[in-house]
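Here is entry-v9.cif, consisting of mmCIF, C-alpha atoms, pLDDT in the B column; chains and numbers go by the auth columns:
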```
data_start
#
loop_
_atom_site.group_PDB
_atom_site.id
_atom_site.type_symbol
_atom_site.label_atom_id
_atom_site.label_comp_id
_atom_site.label_asym_id
_atom_site.label_seq_id
_atom_site.Cartn_x
_atom_site.Cartn_y
_atom_site.Cartn_z
_atom_site.B_iso_or_equiv
_atom_site.auth_seq_id
_atom_site.auth_asym_id
ATOM 1 C CA ASN A 1 0.715 -5.505 19.621 72.00 16 A
ATOM 2 C CA ALA A 2 -1.919 -3.229 18.150 80.00 17 A
ATOM 3 C CA GLY A 3 0.227 -2.669 15.042 92.00 18 A
ATOM 4 C CA VAL A 4 -0.729 0.504 13.195 95.00 19 A
ATOM 5 C CA THR A 5 -3.774 2.393 14.431 96.00 20 A
ATOM 6 C CA GLN A 6 -5.486 5.431 12.939 96.00 21 A
ATOM 7 C CA THR A 7 -7.761 8.016 14.515 96.00 22 A
ATOM 8 C CA PRO A 8 -10.507 8.831 13.612 96.00 23 A
ATOM 9 C CA LYS A 9 -12.077 6.122 11.443 94.00 24 A
ATOM 10 C CA PHE A 10 -14.557 8.474 9.789 95.00 25 A
ATOM 11 C CA ARG A 11 -14.853 12.231 9.496 96.00 26 A
ATOM 12 C CA VAL A 12 -16.991 14.727 7.616 97.00 27 A
ATOM 13 C CA LEU A 13 -15.666 18.254 7.135 96.00 28 A
ATOM 14 C CA LYS A 14 -16.943 21.387 5.497 97.00 29 A
ATOM 15 C CA THR A 15 -14.795 23.152 2.919 97.00 30 A
ATOM 16 C CA GLY A 16 -12.214 25.328 4.636 97.00 31 A
ATOM 17 C CA GLN A 17 -12.199 23.477 7.943 97.00 32 A
ATOM 18 C CA SER A 18 -9.022 21.991 9.329 96.00 33 A
ATOM 19 C CA MET A 19 -8.300 18.667 10.938 95.00 34 A
ATOM 20 C CA THR A 20 -5.509 16.330 11.983 97.00 35 A
ATOM 21 C CA LEU A 21 -5.349 12.600 11.388 97.00 36 A
ATOM 22 C CA LEU A 22 -3.326 10.614 13.889 97.00 37 A
ATOM 23 C CA CYS A 23 -1.318 7.505 13.112 97.00 38 A
ATOM 24 C CA ALA A 24 0.334 5.465 15.848 97.00 39 A
ATOM 25 C CA GLN A 25 2.484 2.348 15.653 96.00 40 A
ATOM 26 C CA ASP A 26 3.823 0.168 18.439 95.00 41 A
ATOM 27 C CA MET A 27 6.377 -1.821 16.412 92.00 42 A
ATOM 28 C CA ASN A 28 9.238 0.630 16.925 91.00 43 A
ATOM 29 C CA HIS A 29 9.437 1.232 13.182 89.00 44 A
ATOM 30 C CA GLU A 30 11.647 4.001 11.855 87.00 45 A
ATOM 31 C CA TYR A 31 9.720 4.770 8.687 89.00 46 A
ATOM 32 C CA MET A 32 6.138 5.982 8.454 92.00 47 A
ATOM 33 C CA TYR A 33 3.959 6.946 5.490 93.00 48 A
ATOM 34 C CA TRP A 34 0.666 8.615 4.642 96.00 49 A
ATOM 35 C CA TYR A 35 -1.237 7.523 1.521 96.00 50 A
ATOM 36 C CA ARG A 36 -4.550 8.444 0.004 96.00 51 A
ATOM 37 C CA GLN A 37 -6.670 5.931 -1.884 94.00 52 A
ATOM 38 C CA ASP A 38 -9.052 7.002 -4.604 93.00 53 A
ATOM 39 C CA PRO A 39 -11.086 4.743 -6.928 86.00 54 A
ATOM 40 C CA GLY A 40 -9.071 3.552 -9.915 83.00 55 A
ATOM 41 C CA MET A 41 -5.876 5.246 -8.746 85.00 56 A
ATOM 42 C CA GLY A 42 -4.450 2.829 -6.223 88.00 57 A
ATOM 43 C CA LEU A 43 -2.559 4.321 -3.298 92.00 58 A
ATOM 44 C CA ARG A 44 -0.618 7.528 -3.724 93.00 59 A
ATOM 45 C CA LEU A 45 2.029 8.664 -1.275 92.00 60 A
ATOM 46 C CA ILE A 46 1.349 12.032 0.372 95.00 61 A
ATOM 47 C CA HIS A 47 4.261 12.413 2.800 95.00 62 A
ATOM 48 C CA TYR A 48 6.637 10.110 4.574 92.00 63 A
ATOM 49 C CA SER A 49 9.162 10.122 7.404 91.00 64 A
ATOM 50 C CA VAL A 50 12.414 8.224 7.802 86.00 65 A
ATOM 51 C CA GLY A 51 12.760 9.021 11.486 88.00 66 A
ATOM 52 C CA GLU A 52 11.667 11.154 14.393 93.00 67 A
ATOM 53 C CA GLY A 53 11.785 14.831 13.507 93.00 68 A
ATOM 54 C CA THR A 54 12.131 14.252 9.742 92.00 69 A
ATOM 55 C CA THR A 55 9.524 14.398 6.976 93.00 70 A
ATOM 56 C CA ALA A 56 9.579 14.408 3.184 91.00 71 A
ATOM 57 C CA LYS A 57 7.137 14.975 0.350 92.00 72 A
ATOM 58 C CA GLY A 58 5.652 12.144 -1.609 89.00 73 A
ATOM 59 C CA GLU A 59 3.752 12.107 -4.862 88.00 74 A
ATOM 60 C CA VAL A 60 0.751 14.278 -3.871 94.00 75 A
ATOM 61 C CA PRO A 61 1.781 16.552 -0.958 95.00 76 A
ATOM 62 C CA ASP A 62 -0.130 19.729 -1.827 96.00 77 A
ATOM 63 C CA GLY A 63 -2.721 20.767 0.754 96.00 78 A
ATOM 64 C CA TYR A 64 -1.269 18.534 3.472 97.00 79 A
ATOM 65 C CA ASN A 65 1.278 18.944 6.240 97.00 80 A
ATOM 66 C CA VAL A 66 2.813 16.328 8.517 97.00 81 A
ATOM 67 C CA SER A 67 4.767 16.103 11.728 97.00 82 A
ATOM 68 C CA ARG A 68 6.755 13.333 13.409 97.00 83 A
ATOM 69 C CA LEU A 69 7.525 14.633 16.881 95.00 84 A
ATOM 70 C CA LYS A 70 7.599 11.160 18.392 95.00 85 A
ATOM 71 C CA LYS A 71 8.866 8.004 16.748 95.00 86 A
ATOM 72 C CA GLN A 72 5.594 6.171 17.234 97.00 87 A
ATOM 73 C CA ASN A 73 3.299 8.913 15.898 97.00 88 A
ATOM 74 C CA PHE A 74 2.847 10.476 12.474 98.00 89 A
ATOM 75 C CA LEU A 75 0.283 13.250 12.099 98.00 90 A
ATOM 76 C CA LEU A 76 -1.352 14.361 8.860 98.00 91 A
ATOM 77 C CA GLY A 77 -2.891 17.819 8.805 97.00 92 A
ATOM 78 C CA LEU A 78 -5.318 19.487 6.450 96.00 93 A
ATOM 79 C CA GLU A 79 -5.208 23.241 7.040 92.00 94 A
ATOM 80 C CA SER A 80 -8.091 24.183 4.758 96.00 95 A
ATOM 81 C CA ALA A 81 -10.002 21.154 3.523 95.00 96 A
ATOM 82 C CA ALA A 82 -11.235 20.990 -0.073 97.00 97 A
ATOM 83 C CA PRO A 83 -13.701 18.573 -1.711 96.00 98 A
ATOM 84 C CA SER A 84 -10.779 17.149 -3.738 96.00 99 A
ATOM 85 C CA GLN A 85 -9.385 15.814 -0.471 97.00 100 A
ATOM 86 C CA THR A 86 -12.343 13.498 -0.016 97.00 101 A
ATOM 87 C CA SER A 87 -10.617 10.138 0.120 97.00 102 A
ATOM 88 C CA VAL A 88 -9.603 7.199 2.268 96.00 103 A
ATOM 89 C CA TYR A 89 -6.336 7.862 4.059 97.00 104 A
ATOM 90 C CA PHE A 90 -3.971 5.083 5.051 96.00 105 A
ATOM 91 C CA CYS A 91 -0.988 5.219 7.315 96.00 106 A
ATOM 92 C CA ALA A 92 1.804 2.658 7.123 94.00 107 A
ATOM 93 C CA SER A 93 5.065 1.960 8.879 92.00 108 A
ATOM 94 C CA SER A 94 8.156 -0.108 8.168 88.00 109 A
ATOM 95 C CA PRO A 95 11.441 -0.948 9.825 82.00 110 A
ATOM 96 C CA PRO A 96 14.538 0.652 8.286 72.00 111 A
ATOM 97 C CA SER A 97 16.006 -0.843 5.122 65.00 112 A
ATOM 98 C CA GLY A 98 18.597 -3.447 5.860 58.00 113 A
ATOM 99 C CA ARG A 99 20.249 -6.527 4.483 49.00 114 A
ATOM 100 C CA ALA A 100 18.176 -8.481 1.956 45.00 115 A
ATOM 101 C CA GLY A 101 15.702 -5.665 1.841 47.00 116 A
ATOM 102 C CA GLU A 102 13.655 -6.949 4.725 48.00 117 A
ATOM 103 C CA GLY A 103 13.056 -3.449 5.938 48.00 118 A
ATOM 104 C CA SER A 104 10.886 -2.400 3.068 69.00 119 A
ATOM 105 C CA THR A 105 7.728 -4.288 3.979 82.00 120 A
ATOM 106 C CA GLN A 106 5.079 -1.792 5.000 88.00 121 A
ATOM 107 C CA TYR A 107 2.383 -2.477 7.581 91.00 122 A
ATOM 108 C CA PHE A 108 -0.889 -0.632 7.113 93.00 123 A
ATOM 109 C CA GLY A 109 -3.483 0.823 9.409 94.00 124 A
ATOM 110 C CA PRO A 110 -7.237 0.316 8.853 93.00 125 A
ATOM 111 C CA GLY A 111 -7.758 3.696 7.174 95.00 126 A
ATOM 112 C CA THR A 112 -9.674 6.923 7.765 96.00 127 A
ATOM 113 C CA ARG A 113 -12.581 7.775 5.498 95.00 128 A
ATOM 114 C CA LEU A 114 -12.759 11.541 5.046 97.00 129 A
ATOM 115 C CA THR A 115 -15.540 13.407 3.286 97.00 130 A
ATOM 116 C CA VAL A 116 -15.244 17.129 2.540 97.00 131 A
ATOM 117 C CA LEU A 117 -18.510 18.837 1.668 96.00 132 A
ATOM 118 C CA ALA B 1 10.497 6.774 -13.451 72.00 20 B
ATOM 119 C CA GLN B 2 9.130 3.840 -11.548 78.00 21 B
ATOM 120 C CA SER B 3 5.633 2.725 -12.388 87.00 22 B
ATOM 121 C CA VAL B 4 3.374 -0.248 -11.903 92.00 23 B
ATOM 122 C CA THR B 5 0.539 -1.285 -14.196 95.00 24 B
ATOM 123 C CA GLN B 6 -2.229 -3.713 -13.383 96.00 25 B
ATOM 124 C CA PRO B 7 -4.032 -4.133 -16.707 96.00 26 B
ATOM 125 C CA ASP B 8 -7.187 -5.692 -15.277 95.00 27 B
ATOM 126 C CA ILE B 9 -9.422 -3.426 -13.234 94.00 28 B
ATOM 127 C CA HIS B 10 -11.923 -6.135 -12.386 96.00 29 B
ATOM 128 C CA ILE B 11 -11.824 -9.926 -12.710 97.00 30 B
ATOM 129 C CA THR B 12 -14.530 -12.468 -11.935 97.00 31 B
ATOM 130 C CA VAL B 13 -13.721 -16.147 -11.437 97.00 32 B
ATOM 131 C CA SER B 14 -15.738 -19.119 -10.263 97.00 33 B
ATOM 132 C CA GLU B 15 -14.980 -20.634 -6.904 97.00 34 B
ATOM 133 C CA GLY B 16 -12.481 -23.445 -7.335 97.00 35 B
ATOM 134 C CA ALA B 17 -11.104 -22.052 -10.580 97.00 36 B
ATOM 135 C CA SER B 18 -7.522 -20.914 -10.995 97.00 37 B
ATOM 136 C CA LEU B 19 -6.551 -17.267 -10.830 97.00 38 B
ATOM 137 C CA GLU B 20 -3.869 -15.111 -12.366 97.00 39 B
ATOM 138 C CA LEU B 21 -3.611 -11.367 -11.712 98.00 40 B
ATOM 139 C CA ARG B 22 -1.235 -9.451 -13.920 98.00 41 B
ATOM 140 C CA CYS B 23 1.344 -6.888 -12.859 97.00 42 B
ATOM 141 C CA ASN B 24 3.891 -5.101 -15.039 96.00 43 B
ATOM 142 C CA TYR B 25 6.489 -2.734 -13.690 93.00 44 B
ATOM 143 C CA SER B 26 8.931 -0.177 -14.971 88.00 45 B
ATOM 144 C CA TYR B 27 12.106 0.210 -12.954 78.00 46 B
ATOM 145 C CA GLY B 28 15.707 0.889 -13.866 69.00 47 B
ATOM 146 C CA ALA B 29 17.337 -1.629 -11.550 72.00 48 B
ATOM 147 C CA THR B 30 16.539 -4.887 -9.822 72.00 49 B
ATOM 148 C CA PRO B 31 13.074 -4.303 -8.441 79.00 50 B
ATOM 149 C CA TYR B 32 11.666 -5.173 -5.075 85.00 51 B
ATOM 150 C CA LEU B 33 8.112 -6.352 -5.693 90.00 52 B
ATOM 151 C CA PHE B 34 5.106 -6.841 -3.478 93.00 53 B
ATOM 152 C CA TRP B 35 1.518 -8.008 -3.626 96.00 54 B
ATOM 153 C CA TYR B 36 -0.950 -6.663 -1.080 96.00 55 B
ATOM 154 C CA VAL B 37 -4.606 -7.574 -0.571 97.00 56 B
ATOM 155 C CA GLN B 38 -7.335 -5.293 0.710 94.00 57 B
ATOM 156 C CA SER B 39 -10.622 -6.723 1.942 92.00 58 B
ATOM 157 C CA PRO B 40 -13.630 -4.366 1.895 86.00 59 B
ATOM 158 C CA GLY B 41 -13.325 -1.654 4.521 82.00 60 B
ATOM 159 C CA GLN B 42 -9.921 -2.894 5.660 86.00 61 B
ATOM 160 C CA GLY B 43 -6.314 -1.856 5.367 88.00 62 B
ATOM 161 C CA LEU B 44 -3.763 -3.595 3.170 92.00 63 B
ATOM 162 C CA GLN B 45 -2.211 -6.922 4.094 93.00 64 B
ATOM 163 C CA LEU B 46 1.020 -8.240 2.600 93.00 65 B
ATOM 164 C CA LEU B 47 0.533 -11.432 0.553 96.00 66 B
ATOM 165 C CA LEU B 48 4.097 -11.939 -0.605 94.00 67 B
ATOM 166 C CA LYS B 49 7.246 -10.156 -1.676 91.00 68 B
ATOM 167 C CA TYR B 50 10.216 -10.657 -3.967 90.00 69 B
ATOM 168 C CA PHE B 51 13.637 -9.273 -3.185 82.00 70 B
ATOM 169 C CA SER B 52 16.092 -11.666 -4.835 79.00 71 B
ATOM 170 C CA GLY B 53 16.813 -15.343 -5.416 82.00 72 B
ATOM 171 C CA ASP B 54 14.163 -17.816 -6.482 85.00 73 B
ATOM 172 C CA THR B 55 11.840 -16.126 -8.959 89.00 74 B
ATOM 173 C CA LEU B 56 8.816 -18.112 -7.746 95.00 75 B
ATOM 174 C CA VAL B 57 7.671 -16.709 -4.437 94.00 76 B
ATOM 175 C CA GLN B 58 5.198 -18.342 -2.074 96.00 77 B
ATOM 176 C CA GLY B 59 2.910 -16.236 0.065 95.00 78 B
ATOM 177 C CA ILE B 60 0.080 -16.536 2.527 95.00 79 B
ATOM 178 C CA LYS B 61 -3.382 -17.943 1.782 94.00 80 B
ATOM 179 C CA GLY B 62 -2.041 -20.228 -0.964 96.00 81 B
ATOM 180 C CA PHE B 63 -0.902 -17.443 -3.292 97.00 82 B
ATOM 181 C CA GLU B 64 2.291 -17.431 -5.309 97.00 83 B
ATOM 182 C CA ALA B 65 3.899 -15.008 -7.738 97.00 84 B
ATOM 183 C CA GLU B 66 6.558 -15.346 -10.393 96.00 85 B
ATOM 184 C CA PHE B 67 9.107 -12.676 -11.216 93.00 86 B
ATOM 185 C CA LYS B 68 9.980 -12.564 -14.918 93.00 87 B
ATOM 186 C CA ARG B 69 12.659 -10.006 -15.602 90.00 88 B
ATOM 187 C CA SER B 70 12.452 -10.414 -19.398 91.00 89 B
ATOM 188 C CA GLN B 71 8.760 -9.506 -19.330 93.00 90 B
ATOM 189 C CA SER B 72 8.958 -6.976 -16.462 92.00 91 B
ATOM 190 C CA SER B 73 6.147 -8.878 -14.826 95.00 92 B
ATOM 191 C CA PHE B 74 5.240 -10.169 -11.386 96.00 93 B
ATOM 192 C CA ASN B 75 1.956 -12.019 -11.810 98.00 94 B
ATOM 193 C CA LEU B 76 0.013 -13.372 -8.859 98.00 95 B
ATOM 194 C CA ARG B 77 -1.507 -16.838 -9.041 98.00 96 B
ATOM 195 C CA LYS B 78 -3.654 -19.184 -7.039 98.00 97 B
ATOM 196 C CA PRO B 79 -4.591 -22.695 -8.212 97.00 98 B
ATOM 197 C CA SER B 80 -8.057 -22.777 -6.624 97.00 99 B
ATOM 198 C CA VAL B 81 -9.928 -19.651 -5.575 97.00 100 B
ATOM 199 C CA HIS B 82 -12.090 -19.531 -2.449 96.00 101 B
ATOM 200 C CA TRP B 83 -15.032 -17.172 -1.935 95.00 102 B
ATOM 201 C CA SER B 84 -13.058 -15.451 0.834 95.00 103 B
ATOM 202 C CA ASP B 85 -10.452 -14.369 -1.739 96.00 104 B
ATOM 203 C CA ALA B 86 -12.843 -11.722 -3.064 96.00 105 B
ATOM 204 C CA ALA B 87 -10.972 -8.476 -2.442 96.00 106 B
ATOM 205 C CA GLU B 88 -8.851 -5.862 -4.148 96.00 107 B
ATOM 206 C CA TYR B 89 -5.265 -6.749 -4.968 97.00 108 B
ATOM 207 C CA PHE B 90 -2.422 -4.302 -5.342 96.00 109 B
ATOM 208 C CA CYS B 91 0.991 -4.825 -6.877 95.00 110 B
ATOM 209 C CA ALA B 92 3.781 -2.490 -5.744 92.00 111 B
ATOM 210 C CA VAL B 93 7.427 -1.824 -6.526 88.00 112 B
ATOM 211 C CA GLY B 94 9.812 -0.466 -3.932 82.00 113 B
ATOM 212 C CA ALA B 95 13.195 1.240 -3.851 64.00 114 B
ATOM 213 C CA LEU B 96 15.449 0.180 -1.022 52.00 115 B
ATOM 214 C CA PHE B 97 18.240 2.001 0.734 51.00 116 B
ATOM 215 C CA ARG B 98 17.063 5.350 -0.472 58.00 117 B
ATOM 216 C CA GLN B 99 13.948 7.435 -0.211 59.00 118 B
ATOM 217 C CA GLY B 100 12.820 5.670 2.890 62.00 119 B
ATOM 218 C CA GLY B 101 11.703 2.457 1.213 68.00 120 B
ATOM 219 C CA LYS B 102 8.898 4.142 -0.705 77.00 121 B
ATOM 220 C CA LEU B 103 6.430 1.990 -2.585 85.00 122 B
ATOM 221 C CA ILE B 104 4.766 2.743 -5.906 87.00 123 B
ATOM 222 C CA PHE B 105 1.407 1.014 -6.213 91.00 124 B
ATOM 223 C CA GLY B 106 -0.544 -0.136 -9.222 93.00 125 B
ATOM 224 C CA GLN B 107 -4.162 0.851 -9.686 94.00 126 B
ATOM 225 C CA GLY B 108 -5.462 -2.360 -8.176 95.00 127 B
ATOM 226 C CA THR B 109 -7.477 -5.319 -9.476 96.00 128 B
ATOM 227 C CA GLU B 110 -10.815 -6.100 -7.915 96.00 129 B
ATOM 228 C CA LEU B 111 -11.534 -9.821 -7.702 97.00 130 B
ATOM 229 C CA SER B 112 -15.070 -11.154 -7.540 97.00 131 B
ATOM 230 C CA VAL B 113 -15.739 -14.850 -6.896 97.00 132 B
ATOM 231 C CA LYS B 114 -18.844 -16.572 -8.261 95.00 133 B
ATOM 232 C CA PRO B 115 -20.341 -19.450 -6.255 90.00 134 B
#
```

Would it be possible to restate this file's structure as C-alpha cells?
Amino acid sequence: NAGVTQTPKFRVLKTGQSMTLLCAQDMNHEYMYWYRQDPGMGLRLIHYSVGEGTTAKGEVPDGYNVSRLKKQNFLLGLESAAPSQTSVYFCASSPPSGRAGEGSTQYFGPGTRLTVL
Amino acid sequence: AQSVTQPDIHITVSEGASLELRCNYSYGATPYLFWYVQSPGQGLQLLLKYFSGDTLVQGIKGFEAEFKRSQSSFNLRKPSVHWSDAAEYFCAVGALFRQGGKLIFGQGTELSVKP
C-alpha cells in the first residue's frame, strides 16, 4: 500500500495562475481532507469530503475549490493564486466513523510545498 | 467552539531526559483526542489517540498521554527522550459521527533534543 500520495511535491506559481493539487489514497477510505500548514498556526482545514461526489467547506475555504469524482482521489484547485496561499498543503484520509470511534484516525500524505510569487 | 491550545511553541530537552508536552482543549462533550508527530519535511504520523476507557494511553515510540477531564488536558509524555524524537508535535481534537470526523489541531510544539 502506498497510503496517501500527493502530486506535485513542490510548485512555484505566479500571482493569478491556476493549478490543481492531486491527492490519491489506496486504503478505500470514505473521508478525505485538505489542510494547509503555516508557521505558528498548526493545520487548518480547507475542504473535506465524506464520500464520492460530496464536498464541504472547512475552516479556510476561500480561494480554493475541490472535487471528489472518484473515491480514491481528492483534488484541490486554486483558480487564481495569491501570495497568501503560499503554504504547505496536506491531504489526509480516514475510514468512516464507526463503533468506538476508530474511524476518525486520519492518515496524512507527505505534503505539497507551494510558493506564490 | 472546539479549540486546542499547545502553550509551548518550542521546547528543548537533553537526550535521556524526560519530556512532557502540554495540550489543553475546549469541547462541549466527551472529546476524541490525538497526538501526531511531524518530522522535518514529512507528513504527520499518529502517535496515539484517546476515545474512551483508560485515561492513560500508550502510543508508538515509547510515548504515552494522559486524559484529565477536570483539567481539559491531554499531555504527552516520554520518560527518556532520544535524539530522533526531535520533531514537531501536534495535539488534535475530533468530533465523531458528524462533520466527517473533522480534526481541530493545536498550533504545534517544536521539540529540539540536545546531545

| task | Please write the residues picked by the PyMOL selection byres ((chain A) within 10 of (chain B)) on this file as a count of residues only. | result | 46

| request: Work out how far atom CA of Lys86 of chain A is from atom CA of Lys72 of chain A, in Å to one decimal. | output: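 Taking atom CA of Lys72 of chain A and atom CA of Lys86 of chain A, their separation equals 17.9 Å.
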
| request: Convert the output of the PyMOL selection byres ((chain A and resi 16) around 7) on the shown file into explicit residues, formatted as number ranges by chain. | output: A: 17-18, 41

Using C-alpha atoms, can you write the selected residues to a file as an mmCIF file, keeping the file's coordinate frame?
```cif
data_model
loop_
_atom_site.group_PDB
_atom_site.id
_atom_site.type_symbol
_atom_site.label_atom_id
_atom_site.label_comp_id
_atom_site.auth_asym_id
_atom_site.auth_seq_id
_atom_site.Cartn_x
_atom_site.Cartn_y
_atom_site.Cartn_z
ATOM 1 C CA ALA A 17 -1.919 -3.229 18.150
ATOM 2 C CA GLY A 18 0.227 -2.669 15.042
ATOM 3 C CA ASP A 41 3.823 0.168 18.439
#
```

| request: Record the distance separating atom CA of Ser82 of chain A and atom CA of Cys38 of chain A, expressed in Å with one decimal. | output: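 Going from atom CA of Ser82 of chain A over to atom CA of Cys38 of chain A covers 10.6 Å.
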
| atom CA of Lys133 of chain B to atom CA of Leu95 of chain B: how many Å, to one decimal? | 19.1 Å

Taking the partial coordinates given, rebuild segment 43-65 of chain B to contain N, CA and C atoms; return it as a CSV table (one decimal), in the coordinates of the input.
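Final file, out.csv:
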```csv
chain,number,residue,atom,x,y,z
B,43,ASN,N,2.7,-5.5,-14.3
B,43,ASN,CA,3.9,-5.1,-15.0
B,43,ASN,C,4.5,-3.9,-14.4
B,44,TYR,N,5.8,-3.8,-14.4
B,44,TYR,CA,6.5,-2.7,-13.7
B,44,TYR,C,7.5,-2.1,-14.6
B,45,SER,N,7.9,-0.9,-14.3
B,45,SER,CA,8.9,-0.2,-15.0
B,45,SER,C,9.9,0.3,-13.9
B,46,TYR,N,11.1,-0.1,-14.0
B,46,TYR,CA,12.1,0.2,-13.0
B,46,TYR,C,13.5,0.0,-13.5
B,47,GLY,N,14.4,0.9,-13.2
B,47,GLY,CA,15.7,0.9,-13.9
B,47,GLY,C,16.7,-0.1,-13.3
B,48,ALA,N,16.4,-0.7,-12.2
B,48,ALA,CA,17.3,-1.6,-11.6
B,48,ALA,C,16.6,-2.9,-11.1
B,49,THR,N,17.2,-3.7,-10.4
B,49,THR,CA,16.5,-4.9,-9.8
B,49,THR,C,15.4,-4.4,-8.9
B,50,PRO,N,14.2,-4.8,-9.2
B,50,PRO,CA,13.1,-4.3,-8.4
B,50,PRO,C,12.8,-5.1,-7.2
B,51,TYR,N,12.2,-4.5,-6.2
B,51,TYR,CA,11.7,-5.2,-5.1
B,51,TYR,C,10.1,-5.1,-5.2
B,52,LEU,N,9.5,-6.3,-5.3
B,52,LEU,CA,8.1,-6.4,-5.7
B,52,LEU,C,7.2,-6.9,-4.6
B,53,PHE,N,6.0,-6.4,-4.5
B,53,PHE,CA,5.1,-6.8,-3.5
B,53,PHE,C,3.7,-7.0,-4.1
B,54,TRP,N,3.0,-7.9,-3.4
B,54,TRP,CA,1.5,-8.0,-3.6
B,54,TRP,C,0.8,-7.8,-2.3
B,55,TYR,N,-0.1,-6.9,-2.3
B,55,TYR,CA,-1.0,-6.7,-1.1
B,55,TYR,C,-2.4,-7.0,-1.4
B,56,VAL,N,-3.2,-7.3,-0.4
B,56,VAL,CA,-4.6,-7.6,-0.6
B,56,VAL,C,-5.4,-6.7,0.4
B,57,GLN,N,-6.5,-6.2,-0.1
B,57,GLN,CA,-7.3,-5.3,0.7
B,57,GLN,C,-8.8,-5.8,0.7
B,58,SER,N,-9.2,-6.3,1.8
B,58,SER,CA,-10.6,-6.7,1.9
B,58,SER,C,-11.5,-5.5,2.1
B,59,PRO,N,-12.8,-5.6,1.8
B,59,PRO,CA,-13.6,-4.4,1.9
B,59,PRO,C,-13.6,-3.7,3.3
B,60,GLY,N,-13.3,-2.4,3.3
B,60,GLY,CA,-13.3,-1.7,4.5
B,60,GLY,C,-12.1,-1.9,5.4
B,61,GLN,N,-11.1,-2.6,4.9
B,61,GLN,CA,-9.9,-2.9,5.7
B,61,GLN,C,-8.7,-2.2,5.1
B,62,GLY,N,-7.6,-2.3,5.9
B,62,GLY,CA,-6.3,-1.9,5.4
B,62,GLY,C,-5.7,-2.9,4.5
B,63,LEU,N,-4.4,-2.7,4.1
B,63,LEU,CA,-3.8,-3.6,3.2
B,63,LEU,C,-2.9,-4.6,4.0
B,64,GLN,N,-3.0,-5.8,3.5
B,64,GLN,CA,-2.2,-6.9,4.1
B,64,GLN,C,-1.2,-7.5,3.1
B,65,LEU,N,0.0,-7.7,3.5
B,65,LEU,CA,1.0,-8.2,2.6
B,65,LEU,C,0.7,-9.7,2.3
```
